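Trainee: Structure: model.cif, mmCIF, C-alpha atoms.
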data_start
#
loop_
_atom_site.group_PDB
_atom_site.id
_atom_site.type_symbol
_atom_site.label_atom_id
_atom_site.label_comp_id
_atom_site.auth_asym_id
_atom_site.auth_seq_id
_atom_site.Cartn_x
_atom_site.Cartn_y
_atom_site.Cartn_z
ATOM 1 C CA MET A 1 -47.037 34.502 75.641
ATOM 2 C CA THR A 2 -49.062 37.677 75.322
ATOM 3 C CA SER A 3 -49.427 38.874 71.755
ATOM 4 C CA PHE A 4 -49.593 42.391 70.376
ATOM 5 C CA LYS A 5 -52.027 42.389 67.475
ATOM 6 C CA SER A 6 -53.181 45.795 66.337
ATOM 7 C CA VAL A 7 -52.752 49.564 66.359
ATOM 8 C CA THR A 8 -55.805 51.834 66.343
ATOM 9 C CA LEU A 9 -55.310 55.550 65.813
ATOM 10 C CA GLU A 10 -57.997 57.767 67.331
ATOM 11 C CA VAL A 11 -58.758 60.639 64.975
ATOM 12 C CA SER A 12 -61.287 63.429 64.597
ATOM 13 C CA ASP A 13 -62.121 62.458 60.990
ATOM 14 C CA PRO A 14 -61.899 58.677 60.453
ATOM 15 C CA THR A 15 -62.920 58.813 56.777
ATOM 16 C CA ALA A 16 -60.176 61.288 55.890
ATOM 17 C CA ALA A 17 -57.608 59.487 58.043
ATOM 18 C CA ASP A 18 -58.418 56.108 56.517
ATOM 19 C CA ALA A 19 -58.082 57.569 53.028
ATOM 20 C CA PHE A 20 -54.693 59.070 53.966
ATOM 21 C CA TYR A 21 -53.301 55.795 55.330
ATOM 22 C CA GLN A 22 -54.546 53.820 52.333
ATOM 23 C CA VAL A 23 -52.720 56.146 49.913
ATOM 24 C CA PHE A 24 -49.658 56.355 52.169
ATOM 25 C CA GLY A 25 -49.417 52.564 52.297
ATOM 26 C CA LEU A 26 -50.192 52.023 55.986
ATOM 27 C CA GLY A 27 -53.792 50.896 55.532
ATOM 28 C CA ALA A 28 -52.869 47.279 56.225
ATOM 29 C CA PHE A 29 -50.978 48.182 59.410
ATOM 30 C CA VAL A 30 -53.227 50.603 61.291
ATOM 31 C CA ASN A 31 -56.918 51.007 62.078
ATOM 32 C CA VAL A 32 -58.660 54.322 62.692
ATOM 33 C CA ARG A 33 -61.689 55.304 64.756
ATOM 34 C CA ALA A 34 -63.362 58.512 65.830
ATOM 35 C CA SER A 35 -62.218 60.360 68.932
ATOM 36 C CA ASP A 36 -62.419 63.923 70.173
ATOM 37 C CA ALA A 37 -60.312 63.262 73.285
ATOM 38 C CA PRO A 38 -58.333 66.422 74.116
ATOM 39 C CA THR A 39 -54.660 66.252 73.142
ATOM 40 C CA THR A 40 -51.904 68.820 72.654
ATOM 41 C CA GLY A 41 -48.284 68.626 71.567
ATOM 42 C CA PHE A 42 -46.306 65.391 71.307
ATOM 43 C CA ARG A 43 -48.571 62.379 71.780
ATOM 44 C CA GLY A 44 -45.718 60.137 72.902
ATOM 45 C CA PHE A 45 -45.468 57.709 70.003
ATOM 46 C CA ALA A 46 -44.349 57.412 66.394
ATOM 47 C CA LEU A 47 -44.710 54.926 63.573
ATOM 48 C CA SER A 48 -41.395 53.855 62.069
ATOM 49 C CA LEU A 49 -41.430 52.631 58.459
ATOM 50 C CA VAL A 50 -38.359 50.732 57.297
ATOM 51 C CA VAL A 51 -37.792 50.473 53.542
ATOM 52 C CA ALA A 52 -35.127 48.992 51.279
ATOM 53 C CA GLN A 53 -33.513 52.067 49.719
ATOM 54 C CA PRO A 54 -33.448 55.895 49.668
ATOM 55 C CA GLY A 55 -35.665 56.082 46.581
ATOM 56 C CA ASN A 56 -38.411 54.276 48.474
ATOM 57 C CA VAL A 57 -38.094 56.784 51.320
ATOM 58 C CA ASP A 58 -38.572 59.643 48.857
ATOM 59 C CA ALA A 59 -41.508 57.877 47.177
ATOM 60 C CA LEU A 60 -43.329 57.385 50.478
ATOM 61 C CA VAL A 61 -42.563 60.878 51.759
ATOM 62 C CA GLY A 62 -43.853 62.286 48.473
ATOM 63 C CA ALA A 63 -47.029 60.200 48.667
ATOM 64 C CA ALA A 64 -47.657 61.363 52.239
ATOM 65 C CA LEU A 65 -47.122 65.034 51.401
ATOM 66 C CA ASP A 66 -49.416 64.737 48.363
ATOM 67 C CA VAL A 67 -52.311 63.701 50.613
ATOM 68 C CA GLY A 68 -51.863 66.268 53.352
ATOM 69 C CA ALA A 69 -48.888 65.319 55.541
ATOM 70 C CA THR A 70 -46.404 67.970 56.663
ATOM 71 C CA THR A 71 -42.627 67.669 56.889
ATOM 72 C CA LEU A 72 -41.028 67.488 60.334
ATOM 73 C CA LYS A 73 -37.579 66.461 59.076
ATOM 74 C CA PRO A 74 -36.710 66.480 55.360
ATOM 75 C CA ALA A 75 -35.280 63.203 54.064
ATOM 76 C CA THR A 76 -31.488 63.335 54.311
ATOM 77 C CA LYS A 77 -28.461 61.067 54.532
ATOM 78 C CA GLY A 78 -27.075 60.231 57.957
ATOM 79 C CA PHE A 79 -24.373 57.947 59.253
ATOM 80 C CA TRP A 80 -27.082 55.310 59.796
ATOM 81 C CA GLY A 81 -28.618 55.556 56.317
ATOM 82 C CA TYR A 82 -31.310 57.788 54.791
ATOM 83 C CA GLY A 83 -34.628 58.976 56.176
ATOM 84 C CA GLY A 84 -37.113 61.691 57.002
ATOM 85 C CA VAL A 85 -40.105 62.372 59.277
ATOM 86 C CA VAL A 86 -43.626 63.519 58.392
ATOM 87 C CA ARG A 87 -46.737 64.288 60.426
ATOM 88 C CA ALA A 88 -50.008 62.846 59.135
ATOM 89 C CA PRO A 89 -53.061 65.155 58.952
ATOM 90 C CA ASP A 90 -54.435 63.535 62.143
ATOM 91 C CA GLY A 91 -51.180 64.367 63.977
ATOM 92 C CA THR A 92 -49.520 60.927 63.929
ATOM 93 C CA ILE A 93 -45.741 61.114 63.457
ATOM 94 C CA CYS A 94 -44.267 58.778 60.840
ATOM 95 C CA LYS A 95 -40.538 58.182 60.430
ATOM 96 C CA ILE A 96 -39.505 56.689 57.076
ATOM 97 C CA ALA A 97 -35.978 55.348 56.804
ATOM 98 C CA SER A 98 -33.609 52.965 55.039
ATOM 99 C CA SER A 99 -30.275 51.660 56.278
ATOM 100 C CA ALA A 100 -29.063 51.770 52.655
ATOM 101 C CA LYS A 101 -27.442 54.930 51.331
ATOM 102 C CA LYS A 102 -27.730 54.079 47.620
ATOM 103 C CA ASP A 103 -30.538 52.824 45.432
ATOM 104 C CA THR A 104 -30.177 49.359 43.946
ATOM 105 C CA GLY A 105 -33.304 49.403 41.789
ATOM 106 C CA PRO A 106 -36.357 51.423 40.744
ATOM 107 C CA ALA A 107 -38.099 53.261 43.574
ATOM 108 C CA THR A 108 -41.251 51.698 44.995
ATOM 109 C CA ARG A 109 -43.581 52.416 47.895
ATOM 110 C CA ASP A 110 -42.973 48.994 49.420
ATOM 111 C CA ILE A 111 -42.699 48.988 53.218
ATOM 112 C CA ASP A 112 -40.495 46.243 54.673
ATOM 113 C CA GLN A 113 -41.284 46.751 58.356
ATOM 114 C CA VAL A 114 -43.503 48.959 60.527
ATOM 115 C CA ALA A 115 -42.760 49.575 64.196
ATOM 116 C CA LEU A 116 -44.843 51.332 66.823
ATOM 117 C CA LEU A 117 -42.383 53.294 68.960
ATOM 118 C CA LEU A 118 -43.742 54.185 72.399
ATOM 119 C CA GLY A 119 -41.976 57.099 74.096
ATOM 120 C CA VAL A 120 -41.757 56.235 77.789
ATOM 121 C CA ALA A 121 -40.408 57.929 80.905
ATOM 122 C CA ASP A 122 -38.405 54.883 82.067
ATOM 123 C CA VAL A 123 -37.590 52.207 79.474
ATOM 124 C CA LYS A 124 -36.430 49.652 82.062
ATOM 125 C CA ALA A 125 -39.550 50.084 84.213
ATOM 126 C CA SER A 126 -41.858 49.850 81.199
ATOM 127 C CA LYS A 127 -39.997 46.766 79.994
ATOM 128 C CA ARG A 128 -40.609 45.092 83.370
ATOM 129 C CA PHE A 129 -44.279 46.098 83.217
ATOM 130 C CA TYR A 130 -44.746 44.496 79.805
ATOM 131 C CA VAL A 131 -42.734 41.371 80.609
ATOM 132 C CA ASP A 132 -44.904 40.905 83.715
ATOM 133 C CA ARG A 133 -47.918 40.908 81.388
ATOM 134 C CA GLY A 134 -46.492 38.191 79.182
ATOM 135 C CA LEU A 135 -44.704 39.998 76.356
ATOM 136 C CA ALA A 136 -41.401 38.453 75.296
ATOM 137 C CA VAL A 137 -38.366 40.650 74.653
ATOM 138 C CA ALA A 138 -36.642 40.296 71.269
ATOM 139 C CA LYS A 139 -33.973 43.005 71.713
ATOM 140 C CA SER A 140 -32.951 45.133 74.678
ATOM 141 C CA PHE A 141 -30.350 47.871 75.006
ATOM 142 C CA GLY A 142 -30.565 48.930 78.651
ATOM 143 C CA GLY A 143 -32.522 52.108 79.141
ATOM 144 C CA LYS A 144 -32.257 53.144 75.483
ATOM 145 C CA TYR A 145 -34.395 50.737 73.481
ATOM 146 C CA VAL A 146 -36.491 47.605 73.890
ATOM 147 C CA GLU A 147 -38.148 45.639 71.096
ATOM 148 C CA PHE A 148 -40.710 42.934 71.821
ATOM 149 C CA ASP A 149 -41.276 39.659 70.011
ATOM 150 C CA THR A 150 -44.538 40.233 68.117
ATOM 151 C CA PRO A 151 -44.959 37.351 65.638
ATOM 152 C CA SER A 152 -48.751 37.662 65.436
ATOM 153 C CA SER A 153 -48.680 41.320 64.374
ATOM 154 C CA ALA A 154 -47.676 43.036 61.150
ATOM 155 C CA VAL A 155 -46.273 45.791 63.377
ATOM 156 C CA THR A 156 -43.284 45.566 65.734
ATOM 157 C CA LEU A 157 -43.671 47.052 69.235
ATOM 158 C CA ALA A 158 -40.757 48.940 70.778
ATOM 159 C CA LEU A 159 -39.982 51.260 73.703
ATOM 160 C CA TYR A 160 -37.860 54.394 73.423
ATOM 161 C CA PRO A 161 -37.137 57.188 75.922
ATOM 162 C CA ARG A 162 -39.791 59.880 75.369
ATOM 163 C CA ARG A 163 -37.220 62.686 75.129
ATOM 164 C CA ALA A 164 -35.110 60.767 72.591
ATOM 165 C CA LEU A 165 -38.135 59.827 70.484
ATOM 166 C CA ALA A 166 -39.329 63.436 70.340
ATOM 167 C CA LYS A 167 -35.838 64.624 69.374
ATOM 168 C CA ASP A 168 -35.596 61.959 66.680
ATOM 169 C CA ALA A 169 -38.962 63.097 65.307
ATOM 170 C CA GLY A 170 -38.001 66.767 65.335
ATOM 171 C CA VAL A 171 -40.617 67.890 67.867
ATOM 172 C CA SER A 172 -40.727 69.115 71.461
ATOM 173 C CA GLN A 173 -41.340 66.368 74.018
ATOM 174 C CA GLU A 174 -44.020 68.471 75.700
ATOM 175 C CA GLY A 175 -47.571 67.201 75.353
ATOM 176 C CA THR A 176 -50.737 66.735 77.375
ATOM 177 C CA GLY A 177 -54.003 64.846 77.160
ATOM 178 C CA SER A 178 -54.811 61.680 75.269
ATOM 179 C CA HIS A 179 -52.218 59.687 73.343
ATOM 180 C CA ARG A 180 -55.013 59.121 70.792
ATOM 181 C CA ILE A 181 -53.926 55.527 70.209
ATOM 182 C CA ALA A 182 -55.197 52.128 71.370
ATOM 183 C CA ILE A 183 -53.084 48.983 71.293
ATOM 184 C CA GLY A 184 -54.828 45.662 70.754
ATOM 185 C CA GLY A 185 -53.653 42.434 72.373
ATOM 186 C CA ASP A 186 -54.848 39.335 74.184
ATOM 187 C CA ALA A 187 -53.771 40.226 77.726
ATOM 188 C CA GLY A 188 -57.024 41.972 78.510
ATOM 189 C CA PRO A 189 -57.535 45.720 78.935
ATOM 190 C CA PHE A 190 -54.930 47.680 80.894
ATOM 191 C CA THR A 191 -53.092 51.003 80.857
ATOM 192 C CA ASP A 192 -49.306 51.097 80.990
ATOM 193 C CA PRO A 193 -47.216 53.400 83.248
ATOM 194 C CA ASP A 194 -47.130 56.107 80.559
ATOM 195 C CA GLY A 195 -50.856 56.086 79.921
ATOM 196 C CA PHE A 196 -50.900 53.982 76.747
ATOM 197 C CA VAL A 197 -54.175 52.085 76.637
ATOM 198 C CA TRP A 198 -54.355 48.414 75.698
ATOM 199 C CA GLU A 199 -57.632 46.760 74.810
ATOM 200 C CA THR A 200 -58.675 43.234 73.924
ATOM 201 C CA ALA A 201 -58.087 42.802 70.213
ATOM 202 C CA SER A 202 -61.056 41.672 68.160
ATOM 203 C CA VAL A 203 -60.512 38.286 66.568
#
Can you give me the file's structure in the form of structure tokens?

Mentor:
Amino acid sequence: MTSFKSVTLEVSDPTAADAFYQVFGLGAFVNVRASDAPTTGFRGFALSLVVAQPGNVDALVGAALDVGATTLKPATKGFWGYGGVVRAPDGTICKIASSAKKDTGPATRDIDQVALLLGVADVKASKRFYVDRGLAVAKSFGGKYVEFDTPSSAVTLALYPRRALAKDAGVSQEGTGSHRIAIGGDAGPFTDPDGFVWETASV
């Protein structure tokens, strides 16, 4: 089975980006490296942070804003729980959410799960592409959502329709140029149908 192992964000200022993700709490989940590849608008992906309770959402949103993030969607209650969306200084979109609607203890900045959501033109076609390269499917909901089995990674990998992901993040789906992200795995280097670049993960 092919494994998904790492997420590398390509940023114009790696030192500043690394400092941001360390304070934000994502330092253990993402790597950063320098890139000046042209990019405009929505880059086609988002990081989803799942936490235990609304207070943790607010704590993480506050930490992100304190070190330079901007608000895309203020944290609010919804029928699904509580959450908000911020954009990191390097442009990466981060969704922070909890399925709980009430706090059950003191707020912390603990992150229970991180998922890399790839916005794709055709979820079913991209699913076939990845299955053909050895990734195992953990959950699949037709053309709406696919989650892969990624036991060797601290981050879950999932596919979402690009339009729906942009709407969920509170941004326009329009965007051109580089995705400014590299995905590490053991299937060898390749580029998926939506232009997301995979590279051989370093051991």

Trainee: Tell me which residues come within 12 Å of (-62.2, 61.4, 66.2), as a list in words, counting only C-alpha atoms in the file's coordinates.

Mentor: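 Within 12 Å of (-62.2, 61.4, 66.2), the protein and nucleic acid residues are Thr8, Leu9, Glu10, Val11, Ser12, Asp13, Pro14, Thr15, Ala16, Ala17, Asp18, Val32, Arg33, Ala34, Ser35, Asp36, Ala37, Pro38, Thr39, Asp90, Gly91, Ser178, Arg180 and Ile181 of chain A.
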
Trainee: Excluding Lys5 (chain A) and its own-chain neighbours fewer than 4 positions away, which residues fall within 9 Å of it when counting all atoms listed in the file? Please give them as a PyMOL selection string.

Mentor: chain A and resi 150-155+183-186+201

Trainee: Quote the spacing between CA of Lys73 (chain A) and CA of Ala169 (chain A) in Å to one decimal place.

Mentor: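 Going from CA of Lys73 (chain A) over to CA of Ala169 (chain A) covers 7.2 Å.
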
Trainee: Show which residues sit within 8 Å of Gly81 (chain A), as a PDB file with C-alpha atoms, keeping the file's coordinate frame. Count only C-alpha atoms, and ignore same-chain residues fewer than 2 positions away.

Mentor:
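After the write, result-v4.pdb holds the following:
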ATOM      1  CA  LYS A  77     -28.461  61.067  54.532  1.00  0.00           C
ATOM      2  CA  GLY A  78     -27.075  60.231  57.957  1.00  0.00           C
ATOM      3  CA  PHE A  79     -24.373  57.947  59.253  1.00  0.00           C
ATOM      4  CA  GLY A  83     -34.628  58.976  56.176  1.00  0.00           C
ATOM      5  CA  ALA A  97     -35.978  55.348  56.804  1.00  0.00           C
ATOM      6  CA  SER A  98     -33.609  52.965  55.039  1.00  0.00           C
ATOM      7  CA  SER A  99     -30.275  51.660  56.278  1.00  0.00           C
ATOM      8  CA  ALA A 100     -29.063  51.770  52.655  1.00  0.00           C
ATOM      9  CA  LYS A 101     -27.442  54.930  51.331  1.00  0.00           C
TER      10      LYS A 101
END

Trainee: Would you list the contacts of Ala46 (chain A) as JSON, numbers by chain, taking every protein, DNA or RNA residue within 9 Å and counting all atoms listed in the file, but skipping same-chain residues closer than 2 positions in sequence?

Mentor: {"A": [43, 44, 48, 92, 93, 94, 95, 115, 116, 117, 118, 119, 165, 166, 169]}

Trainee: From the list A:Leu159, A:Leu135, A:Val85, A:Ala28, which residue is nearest Val120 (chain A) when using only C-alpha atoms?

Mentor: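 Once distances to Val120 (chain A) are computed over only C-alpha atoms, the minimum belongs to A:Leu159.
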
Trainee: Got a sec to check which residues sit within 6 Å of (-45.2, 64.4, 58.4), counting all atoms listed in the file, and write them as a PyMOL selection string?

Mentor: chain A and resi 69-72+85-88

Trainee: What does the distance from CA of Ala138 (chain A) to CA of Ala125 (chain A) come to in Å, to one decimal?

Mentor: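 Rounded to one decimal, the two atoms are 16.5 Å apart.
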
Trainee: Counting all atoms listed in the file, which of A:Val67, A:Thr2, A:Phe45, A:Gln173 gets nearest to Ala19 (chain A)?

Mentor: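 Ranked by minimum distance to Ala19 (chain A), first place goes to A:Val67.
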
Trainee: Please, what is the axis-aligned box for every listed atom of region 65-74 of chain A with 3 Å on each side, as centre and edge lengths in Å to one decimal, as lines of an AutoDock Vina configuration file?

Mentor:
center_x = -44.5
center_y = 65.8
center_z = 54.3
size_x = 21.6
size_y = 10.3
size_z = 18.0
